[in-house]
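Presented below is the structure to which this report refers.
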Amino acid sequence: MISSSAKFTVCSYPYNYLIIEDCFETNAAYGLSSVFNDLIRFGRSVGKVGEVGDLVYDAINFTPTTDHVRNTPIANIASVELKALIADVFQIQLDDNVMIGMHRHNPPSKPGWTHTDFAVVSFPKVPPTHNGLRVYYDGSGCNYSDDSKHRQPETVKTARSIACLYYSANADWKPGMGGETGVYLPDGKTLVASIPPKNNLLFAFEICPLSYHAYLGSESMQRSSFIWWYHSAPNYLLKRHSGSVAARQQLGLDPWDRWTDATVEKYDAGIAM
Amino acid sequence: MVKNVLVLGGTAFIGRSFCEALVQRSPIQLTLLNRGVTNPALFPSAKRLRCDRNQADQCKQVLQGTHWESIVDFTGRDDQQIRNILSNCTVDHYTYISSSAVDLSWSGDPLFSMAQNKLWCEHLVTKFASKVLIVRPGFVCGAYDYTNRFEETEGRWFWKGTREPVRPMIRAELLSNLMLRLVCEARVGIVRAGYH
């Protein structure tokens with residue numbers, strides 16, 4: 001399913017990530033671009049994210065339905081083979097849960113804020129919806145962005161472990177156009193790499209308490225991407241990233257990115273061992 | 001899917017990390033070609049060819065007339081070492097571990113001479129093998145690193161005794177995992193590791 005002409009890059013500074021250029025075969029890449037343009041018309045402004053602070057994300061989001069996942073080229077993204085490749089390369093235990101979104105930043109777009117994505121989330125307690133994967137869908141009655149202990153007792157709690165951005169339906173990117181994804185040091189301020197939004201490029205990174213990244217904004221370019229997250233058991237992730245979890249805790253900081261404010265009791269993910 | 005692989009080296013550092021992943025997670029038959037000096041007891045299920053690749057006569061004796069589905073070369077650094085292997089056998093797919101210095105070094109840089117040799121080796125393997133995967137890693141950190149140059153603190157790698165981050169840097173495990181996948185699928189092209 002990955003194109004025979006795909007070009008692979010891996011990096012570990014400041015955290016593990018994988019770039020696949022010319023990721024899908026031409027037909028699949030074209031199909032994804034086409035379905036993106038069809039569906040993003042139904043997207044809505046993301047606006048305020050979570051309940052913490054007043055951060056507003058300057059983008060339009062559309063969450064594909066189960067039918068879209070099953071019956072359009074989005075199936076390339078929600079494929080068992082791609083998940084297996086990602087799990088293999090990062091050697092990480094993923095559960096069945098996948099959240100897929102489509103983001104479009106219309107110009108001029110503001111930069112996002114740095115964040116790690118290391119977050120507990122909620123999935124509906126239903127059987128897998130597609131090829132053994134439980135793909136989140138709107139209308140399930142479950143709020144994905146919920147790390148609370150009590151608000152949705154009927155849901156499954158899991159945590160983001162791998163983030164994937166796949167750039168599609170963009171103008172040909174050239175340096176200076178902006179729209180990259182920035183990779184930051186653990187201080188969340190120092191930009192050390194940027195991933196250009198070239199069509200048919202997949203950027204996948206391992207989420208941890210140090211995986212700071214942000215959309216870099218653009219004056220002139222419309223930036224479009226599929227974005228999806230694979231998930232793992234929260235306690236497994238705390239153990240896997242015990243070094244950086246401990247470092248955050250020693251500074252009195254929460255290792256998790258939080259959706260809910262401090263007054264809300266959080267899902268207990270256990271402790272890092 | 002590749003069924004058998006000849007690994008040149010494979011008992012130290014990134015080569016060892018790769019072979020460990022291969023033995024633990026794939027059904028591929030592993031054959032090791034090396035001098036038998038470093039960690040000779042590793043990978044007991046692997047077939048072994050004892051050979052110093054600097055010695056043309058040894059390579060001829062061990063390899064002449066053989067055919068390999070896949071060769072993964074962790075130890076080739078110069079023209080003669082490549083010729084000693086590839087003039088004696090045939091191969092469907094060759095993976096050559098080069099260096100980020102091929103892309104990043106410049107004349108006057110201490111790594112420039114090594115980079116020139118690596119670049120020449122890249123050219124040479126493409127003459128002998130029709131399907132070639134080139135891997136250009138930066139500084140490799142993590143499993144089985146015997147160089148004692150780096151240390152990990154709070155999930156990050158620094159030059160030992162300093163707070164200077166290692167760059168360009170790739171973790172041995174991540175590189176091994178990706179390489180195993182690409183070797184199994186007989187992928188071709190250039191893999192950059194630690195930089196882009």
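In the structure tokens, chains take the letters A, B, ... in the order shown, each chain's residues start at 1, and ligands count up from 1 in the order shown.
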(message) Show me, as a list in words, the residues that have an atom within 6 Å of region 88-100 of chain A when counting only C-alpha atoms, minus same-chain residues fewer than 6 positions from it.
(response)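 Here the answer would be Leu133, Arg134, Val135, Tyr136, Ile227, Trp228, Trp229, Tyr230, His231 and Ser232 of chain A; Asn177 and Leu178 of chain B.
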Can I get the selected residues back with C-alpha atoms, as a PDB file, in the first residue's frame?
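Generated output (result14.pdb):
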ATOM      1  CA  LEU A 133     -10.222  -0.732  14.031  1.00  0.00           C
ATOM      2  CA  ARG A 134     -12.552   1.361  16.169  1.00  0.00           C
ATOM      3  CA  VAL A 135     -12.586   4.572  14.172  1.00  0.00           C
ATOM      4  CA  TYR A 136     -14.086   7.481  16.106  1.00  0.00           C
ATOM      5  CA  ILE A 227      -4.560  13.970  10.610  1.00  0.00           C
ATOM      6  CA  TRP A 228      -5.019  10.842  12.631  1.00  0.00           C
ATOM      7  CA  TRP A 229      -3.954   9.380  15.912  1.00  0.00           C
ATOM      8  CA  TYR A 230      -3.234   5.829  16.962  1.00  0.00           C
ATOM      9  CA  HIS A 231      -3.701   5.057  20.635  1.00  0.00           C
ATOM     10  CA  SER A 232      -2.258   2.893  23.388  1.00  0.00           C
TER      11      SER A 232
ATOM     12  CA  ASN B 177      13.108  -1.272  12.964  1.00  0.00           C
ATOM     13  CA  LEU B 178      12.757   0.764   9.790  1.00  0.00           C
TER      14      LEU B 178
END
(request) Taking only C-alpha atoms into account, report as a ChimeraX atom specification which residues of chain A lie within 10 Å of chain B. (result) /A:4-20,85-91,186,193-195,208-210,241-248
Write a file of the just-selected residues containing N, CA and C atoms, as a CSV table (one decimal), in the first residue's frame.
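Result saved to again-v6.csv:
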chain,number,residue,atom,x,y,z
A,4,SER,N,5.8,2.2,-4.2
A,4,SER,CA,7.2,1.7,-4.5
A,4,SER,C,8.2,2.7,-4.6
A,5,SER,N,7.8,4.0,-4.9
A,5,SER,CA,8.8,5.0,-5.0
A,5,SER,C,8.9,5.9,-3.7
A,6,ALA,N,8.3,5.4,-2.6
A,6,ALA,CA,8.3,6.1,-1.4
A,6,ALA,C,9.7,6.4,-0.9
A,7,LYS,N,10.0,7.6,-0.3
A,7,LYS,CA,11.3,7.9,0.2
A,7,LYS,C,11.1,8.1,1.8
A,8,PHE,N,12.0,7.4,2.5
A,8,PHE,CA,11.8,7.3,4.0
A,8,PHE,C,12.9,8.1,4.7
A,9,THR,N,12.5,8.8,5.7
A,9,THR,CA,13.4,9.6,6.6
A,9,THR,C,13.0,9.3,8.0
A,10,VAL,N,14.0,9.0,8.9
A,10,VAL,CA,13.7,8.9,10.3
A,10,VAL,C,14.6,9.8,11.1
A,11,CYS,N,14.0,10.3,12.2
A,11,CYS,CA,14.8,11.2,13.1
A,11,CYS,C,14.5,10.9,14.5
A,12,SER,N,15.4,11.2,15.4
A,12,SER,CA,15.1,11.0,16.8
A,12,SER,C,15.4,12.2,17.6
A,13,TYR,N,15.6,13.3,17.0
A,13,TYR,CA,15.9,14.6,17.7
A,13,TYR,C,14.8,15.6,17.3
A,14,PRO,N,14.1,16.1,18.3
A,14,PRO,CA,14.2,15.8,19.7
A,14,PRO,C,13.3,14.6,20.2
A,15,TYR,N,12.6,14.1,19.2
A,15,TYR,CA,11.8,12.8,19.5
A,15,TYR,C,11.7,12.0,18.2
A,16,ASN,N,11.2,10.8,18.3
A,16,ASN,CA,11.2,9.9,17.2
A,16,ASN,C,10.1,10.3,16.2
A,17,TYR,N,10.5,10.5,14.9
A,17,TYR,CA,9.5,10.7,13.9
A,17,TYR,C,10.0,10.1,12.5
A,18,LEU,N,9.0,9.9,11.7
A,18,LEU,CA,9.2,9.2,10.4
A,18,LEU,C,8.5,10.1,9.3
A,19,ILE,N,9.2,10.3,8.2
A,19,ILE,CA,8.6,11.0,7.1
A,19,ILE,C,8.6,10.1,5.9
A,20,ILE,N,7.5,10.0,5.2
A,20,ILE,CA,7.4,9.2,4.0
A,20,ILE,C,7.0,10.1,2.9
A,85,LEU,N,2.6,-1.1,9.8
A,85,LEU,CA,3.9,-0.5,9.5
A,85,LEU,C,4.3,0.5,10.6
A,86,ILE,N,3.4,1.3,11.0
A,86,ILE,CA,3.7,2.3,12.0
A,86,ILE,C,4.1,1.6,13.4
A,87,ALA,N,3.3,0.6,13.7
A,87,ALA,CA,3.6,-0.1,15.0
A,87,ALA,C,5.0,-0.8,14.9
A,88,ASP,N,5.3,-1.3,13.7
A,88,ASP,CA,6.6,-2.0,13.5
A,88,ASP,C,7.7,-1.0,13.6
A,89,VAL,N,7.7,0.1,12.9
A,89,VAL,CA,8.8,1.0,12.9
A,89,VAL,C,9.0,1.6,14.3
A,90,PHE,N,7.9,2.0,15.0
A,90,PHE,CA,8.1,2.6,16.3
A,90,PHE,C,8.2,1.5,17.4
A,91,GLN,N,7.9,0.3,17.0
A,91,GLN,CA,7.9,-0.8,18.0
A,91,GLN,C,7.0,-0.4,19.2
A,186,PRO,N,12.1,20.3,24.0
A,186,PRO,CA,11.2,20.1,25.2
A,186,PRO,C,10.8,21.4,25.9
A,193,ALA,N,13.1,21.9,13.7
A,193,ALA,CA,12.9,21.3,12.4
A,193,ALA,C,11.5,21.7,11.9
A,194,SER,N,11.3,21.7,10.6
A,194,SER,CA,10.0,22.0,10.1
A,194,SER,C,9.7,21.0,9.0
A,195,ILE,N,8.5,20.5,9.0
A,195,ILE,CA,8.1,19.5,8.0
A,195,ILE,C,7.2,20.2,6.9
A,208,CYS,N,4.9,11.8,23.1
A,208,CYS,CA,5.5,11.6,24.5
A,208,CYS,C,5.4,12.9,25.2
A,209,PRO,N,5.8,13.0,26.5
A,209,PRO,CA,5.7,14.3,27.1
A,209,PRO,C,6.6,15.4,26.6
A,210,LEU,N,7.5,15.0,25.6
A,210,LEU,CA,8.4,16.0,25.1
A,210,LEU,C,8.1,16.3,23.6
A,241,HIS,N,7.5,6.0,28.5
A,241,HIS,CA,8.1,7.3,28.6
A,241,HIS,C,8.5,7.7,30.0
A,242,SER,N,8.9,6.7,30.8
A,242,SER,CA,9.0,7.0,32.2
A,242,SER,C,10.1,8.1,32.5
A,243,GLY,N,11.1,8.1,31.6
A,243,GLY,CA,12.2,9.1,31.8
A,243,GLY,C,11.7,10.6,31.7
A,244,SER,N,10.9,10.8,30.6
A,244,SER,CA,10.4,12.2,30.4
A,244,SER,C,9.2,12.5,31.3
A,245,VAL,N,8.5,11.4,31.7
A,245,VAL,CA,7.4,11.6,32.6
A,245,VAL,C,7.9,12.1,34.0
A,246,ALA,N,9.0,11.4,34.4
A,246,ALA,CA,9.6,11.7,35.7
A,246,ALA,C,10.2,13.1,35.7
A,247,ALA,N,10.8,13.5,34.6
A,247,ALA,CA,11.4,14.8,34.5
A,247,ALA,C,10.3,15.9,34.6
A,248,ARG,N,9.2,15.7,34.0
A,248,ARG,CA,8.1,16.6,34.1
A,248,ARG,C,7.6,16.7,35.5
(request) From region 60-178 of chain A, collect each residue whose DSSP state is strand (DSSP E or B) and return the set as number ranges by chain. (result) A: 60-62, 97-105, 109, 115, 120-123, 130, 133-135, 148, 156-167
Save out the residues we just selected, C-alpha atoms, as a PDB file, in the first residue's frame.
ATOM      1  CA  ILE A  60     -11.541  24.041   9.698  1.00  0.00           C
ATOM      2  CA  ASN A  61     -12.096  20.441  10.756  1.00  0.00           C
ATOM      3  CA  PHE A  62     -14.155  17.623   9.354  1.00  0.00           C
ATOM      4  CA  ASN A  97      -8.722   2.989  18.445  1.00  0.00           C
ATOM      5  CA  VAL A  98      -8.113   5.472  15.652  1.00  0.00           C
ATOM      6  CA  MET A  99      -9.238   9.093  15.406  1.00  0.00           C
ATOM      7  CA  ILE A 100      -9.208  10.594  11.903  1.00  0.00           C
ATOM      8  CA  GLY A 101      -9.710  14.255  11.098  1.00  0.00           C
ATOM      9  CA  MET A 102      -9.285  16.582   8.164  1.00  0.00           C
ATOM     10  CA  HIS A 103      -7.823  20.048   8.754  1.00  0.00           C
ATOM     11  CA  ARG A 104      -7.704  23.015   6.449  1.00  0.00           C
ATOM     12  CA  HIS A 105      -5.967  26.288   7.326  1.00  0.00           C
ATOM     13  CA  SER A 109      -3.582  31.476   9.033  1.00  0.00           C
ATOM     14  CA  HIS A 115       1.727  21.121  22.475  1.00  0.00           C
ATOM     15  CA  VAL A 120      -5.931  10.732  27.525  1.00  0.00           C
ATOM     16  CA  VAL A 121      -9.032  10.571  25.319  1.00  0.00           C
ATOM     17  CA  SER A 122     -12.368   8.781  25.180  1.00  0.00           C
ATOM     18  CA  PHE A 123     -13.821   6.339  22.646  1.00  0.00           C
ATOM     19  CA  HIS A 130     -13.733  -1.007  10.269  1.00  0.00           C
ATOM     20  CA  LEU A 133     -10.222  -0.732  14.031  1.00  0.00           C
ATOM     21  CA  ARG A 134     -12.552   1.361  16.169  1.00  0.00           C
ATOM     22  CA  VAL A 135     -12.586   4.572  14.172  1.00  0.00           C
ATOM     23  CA  SER A 148     -12.042  13.105  33.057  1.00  0.00           C
ATOM     24  CA  VAL A 156     -13.228   3.566  26.814  1.00  0.00           C
ATOM     25  CA  LYS A 157     -10.257   5.613  28.036  1.00  0.00           C
ATOM     26  CA  THR A 158      -7.093   5.398  25.971  1.00  0.00           C
ATOM     27  CA  ALA A 159      -4.239   7.764  25.085  1.00  0.00           C
ATOM     28  CA  ARG A 160      -2.699   9.180  21.956  1.00  0.00           C
ATOM     29  CA  SER A 161       0.548   7.406  21.105  1.00  0.00           C
ATOM     30  CA  ILE A 162       1.322   8.100  17.432  1.00  0.00           C
ATOM     31  CA  ALA A 163       0.245  11.193  15.482  1.00  0.00           C
ATOM     32  CA  CYS A 164       0.128  11.177  11.681  1.00  0.00           C
ATOM     33  CA  LEU A 165      -0.225  14.116   9.340  1.00  0.00           C
ATOM     34  CA  TYR A 166      -0.737  13.445   5.658  1.00  0.00           C
ATOM     35  CA  TYR A 167      -0.602  16.514   3.441  1.00  0.00           C
TER      36      TYR A 167
END
(request) List the neighbours of region 88-92 of chain B out to 12 Å using only C-alpha atoms; skip same-chain residues closer than 5 positions along the sequence, and give me the result as a ChimeraX atom specification. (result) /B:2-6,53,56-72,81-83,125-133,183,186-188
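The gap separating CA of Gln80 (chain B) from CA of Gly108 (chain B) is 24.8 Å, in Å to one decimal.
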(request) Report the residues of chain B whose backbone DSSP state falls under alpha helix (DSSP H), written as a VMD selection string. (result) chain B and resid 13 to 25 56 to 63 79 to 86 101 to 104 112 to 128 172 to 184
(message) Taking 6 positions as the minimum chain separation for residues in the same chain, which residues sit within 7 Å of Pro197 (chain A) when counting only C-alpha atoms? Answer as JSON, numbers by chain.
(response) {"A": [167, 173, 179, 180]}
(request) Would you please work out which residue, of B:Gln55, B:Trp120, B:Phe150, B:Val7, is nearest to Tyr94 (chain B) when using only C-alpha atoms? (result)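 Distance minimum relative to Tyr94 (chain B) lands on B:Val7.
Considering the residues B:Ile28, B:Ala21, B:Cys184, B:Cys51 and counting only C-alpha atoms, Gly9 (chain B) has its shortest atom-to-atom contact with B:Cys51.
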(message) Could you tell me how far CA of Glu151 (chain B) sits from CA of Val192 (chain A), in Å to one decimal place?
(response)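 Taking CA of Val192 (chain A) and CA of Glu151 (chain B), their separation equals 20.3 Å.
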(message) When you look at Thr147 (chain B) with a cut-off of 12 Å (counting only C-alpha atoms), what residues show up, excluding the ones that are within fewer than 4 positions of it in the same chain? I need them as a PyMOL selection string.
(response) chain B and resi 12-14+139-143+151+159-160
(request) Go through B:Leu42, B:Ala115, B:Asn54, B:Gly161 one by one, measure the shortest atom-to-atom distance of each to Arg149 (chain B) using only C-alpha atoms, and give the residue with the smallest value. (result)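 That would be B:Gly161, the residue with the smallest distance to Arg149 (chain B).
You will find CA of Tyr267 (chain A) at 7.7 Å from CA of His150 (chain A).
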(message) Can you pull out the residues contacting Pro40 (chain B)? Cut-off 10 Å, using only C-alpha atoms, and skip same-chain residues under 6 positions away; I want them as a VMD selection string.
(response) chain B and resid 11 34 48
